[in-house]
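J.: One structure, as structure tokens, below. Some questions next.
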Amino acid sequence: MSDNLNVSDIVQRQLEAYNARDLERFAATYADTVRIFRMPATEPAISGKAQLREVYRQRFSSPSLHAEILARVIMGNKVIDHERGIREQPLEAVAVYEVASNLIQAVWFFYPDEPFPASKGT
């Protein structure tokens with residue numbers, strides 16, 4: 001990735017790859033050591049790019065998969081998105097992306113019905 005991308009550009013590329021179900025482009029926006037949390041958990045639900053690929057490879061097989069941004073706030077190296085995702089049914093969440101060295105280093109997902117049901121995934 002270009003060194004002159006801002007944090008919002010990186011998170012937007014991630015969203016576009018997600019909606020295209022393009023696993024390689026999606027994974028390319030994340031650091032090798034990425035950590036993804038389902039709050040209020042203190043341990044990551046996903047640790048590392050290998051696990052990220054495994055989880056999203058399966059998720060990208062869903063023909064109804066799509067996400068849209070309802071609101072975005074940028075603060076330093078953080079991008080906070082209010083997202084609406086569709087898999088089997090619509091689901092809203094707030095995602096906080098931490099970006100450094102032009103890669104997403106960590107993500108914290110907050111769902112309206114905490115804690116998020118484990119059966120539905122991140």
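Going through the structure tokens in order, the chains are called A, B, and so on, while each chain numbers its residues from 1 and the ligands are numbered from 1 in the order shown.
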Which polymer residues have any atom within 12 Å of an atom of Gly85 of chain A, counting only C-alpha atoms, with same-chain residues fewer than 3 positions away left out, as a PyMOL selection string?

T.: chain A and resi 15+18-19+64-70+81-82+88-95+111+122

J.: Give me the residues near Tyr97 of chain A as number ranges by chain, where near means some atom within 7 Å (using only C-alpha atoms) and where sequence neighbours in that chain fewer than 4 positions away do not count.

T.: A: 78-80, 104, 106-108

J.: Using only C-alpha atoms, which residue out of A:Arg84, A:Arg57, A:Lys49, A:Arg35 lies closest to Val99 of chain A?

T.: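 When distances to Val99 of chain A are compared using only C-alpha atoms, the smallest one comes from A:Arg35.
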
J.: Determine which residues of segment 55-105 of chain A receive a DSSP assignment of alpha helix (DSSP H), computed from the backbone, and state them as a short mmCIF file (atom, residue, chain, number, x, y, z; two decimals) with N, CA and C atoms, in the first residue's frame.

T.:
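states36.cif written:
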```cif
data_model
loop_
_atom_site.label_atom_id
_atom_site.label_comp_id
_atom_site.auth_asym_id
_atom_site.auth_seq_id
_atom_site.Cartn_x
_atom_site.Cartn_y
_atom_site.Cartn_z
N VAL A 55 -11.54 -17.42 8.91
CA VAL A 55 -12.88 -16.99 9.30
C VAL A 55 -13.60 -16.33 8.12
N TYR A 56 -12.92 -15.42 7.43
CA TYR A 56 -13.58 -14.68 6.36
C TYR A 56 -13.70 -15.48 5.07
N ARG A 57 -12.88 -16.46 4.85
CA ARG A 57 -13.05 -17.34 3.68
C ARG A 57 -14.44 -17.97 3.74
N GLN A 58 -14.80 -18.45 4.91
CA GLN A 58 -16.12 -19.06 5.09
C GLN A 58 -17.23 -18.01 4.98
N ARG A 59 -17.03 -16.86 5.60
CA ARG A 59 -18.05 -15.81 5.58
C ARG A 59 -18.30 -15.29 4.17
#
```

J.: Using only C-alpha atoms, can you tell me which of A:Ala31, A:Ile74, A:Leu5, A:Ala17 comes closest to Leu103 of chain A?

T.: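 That would be A:Ala31, the residue with the smallest distance to Leu103 of chain A.
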
J.: If you run DSSP on the backbone here, which positions in segment 4-33 of chain A get strand (DSSP E)? Please write them as a list in words.

T.: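 DSSP on the backbone gives strand (DSSP E) at Tyr30, Ala31, Asp32 and Thr33 of chain A.
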
J.: Would you write out those residues with N, CA and C atoms, as a tab-separated table (two decimals), in the first residue's frame?

T.:
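The resulting file, result39.tsv, is reproduced below:
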```
chain	number	residue	atom	x	y	z
A	30	TYR	N	-4.93	-5.74	6.45
A	30	TYR	CA	-4.68	-6.08	7.85
A	30	TYR	C	-3.22	-6.43	8.09
A	31	ALA	N	-2.73	-6.11	9.29
A	31	ALA	CA	-1.39	-6.50	9.71
A	31	ALA	C	-1.35	-8.01	9.95
A	32	ASP	N	-0.18	-8.60	9.83
A	32	ASP	CA	-0.01	-10.04	10.09
A	32	ASP	C	-0.42	-10.39	11.52
A	33	THR	N	-0.26	-9.45	12.43
A	33	THR	CA	-0.54	-9.69	13.85
A	33	THR	C	-1.87	-9.09	14.30
```

J.: For each of A:Thr29, A:Glu83, A:Asp113, A:Gln12, take the minimum atom-to-atom distance to Ser101 of chain A, counting only C-alpha atoms, then give the residue where this is smallest.

T.: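 Closest to Ser101 of chain A of all the choices is A:Thr29.
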
J.: In Å to one decimal, how far is atom CA of Val7 of chain A from atom CA of Glu24 of chain A?

T.: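 Distance between the two atoms: 19.3 Å.
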
J.: From the options A:Phe60, A:Ala71, A:Asn102, A:Ser8, which residue's atoms come nearest to Asp22 of chain A, counting only C-alpha atoms?

T.: A:Phe60

J.: Give the answer as one residue: which of A:Gln105, A:Val34, A:Met39, A:Pro63 has the shortest atom-to-atom distance to Gln51 of chain A, using only C-alpha atoms?

T.: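 The answer is A:Val34, which sits nearest to Gln51 of chain A.
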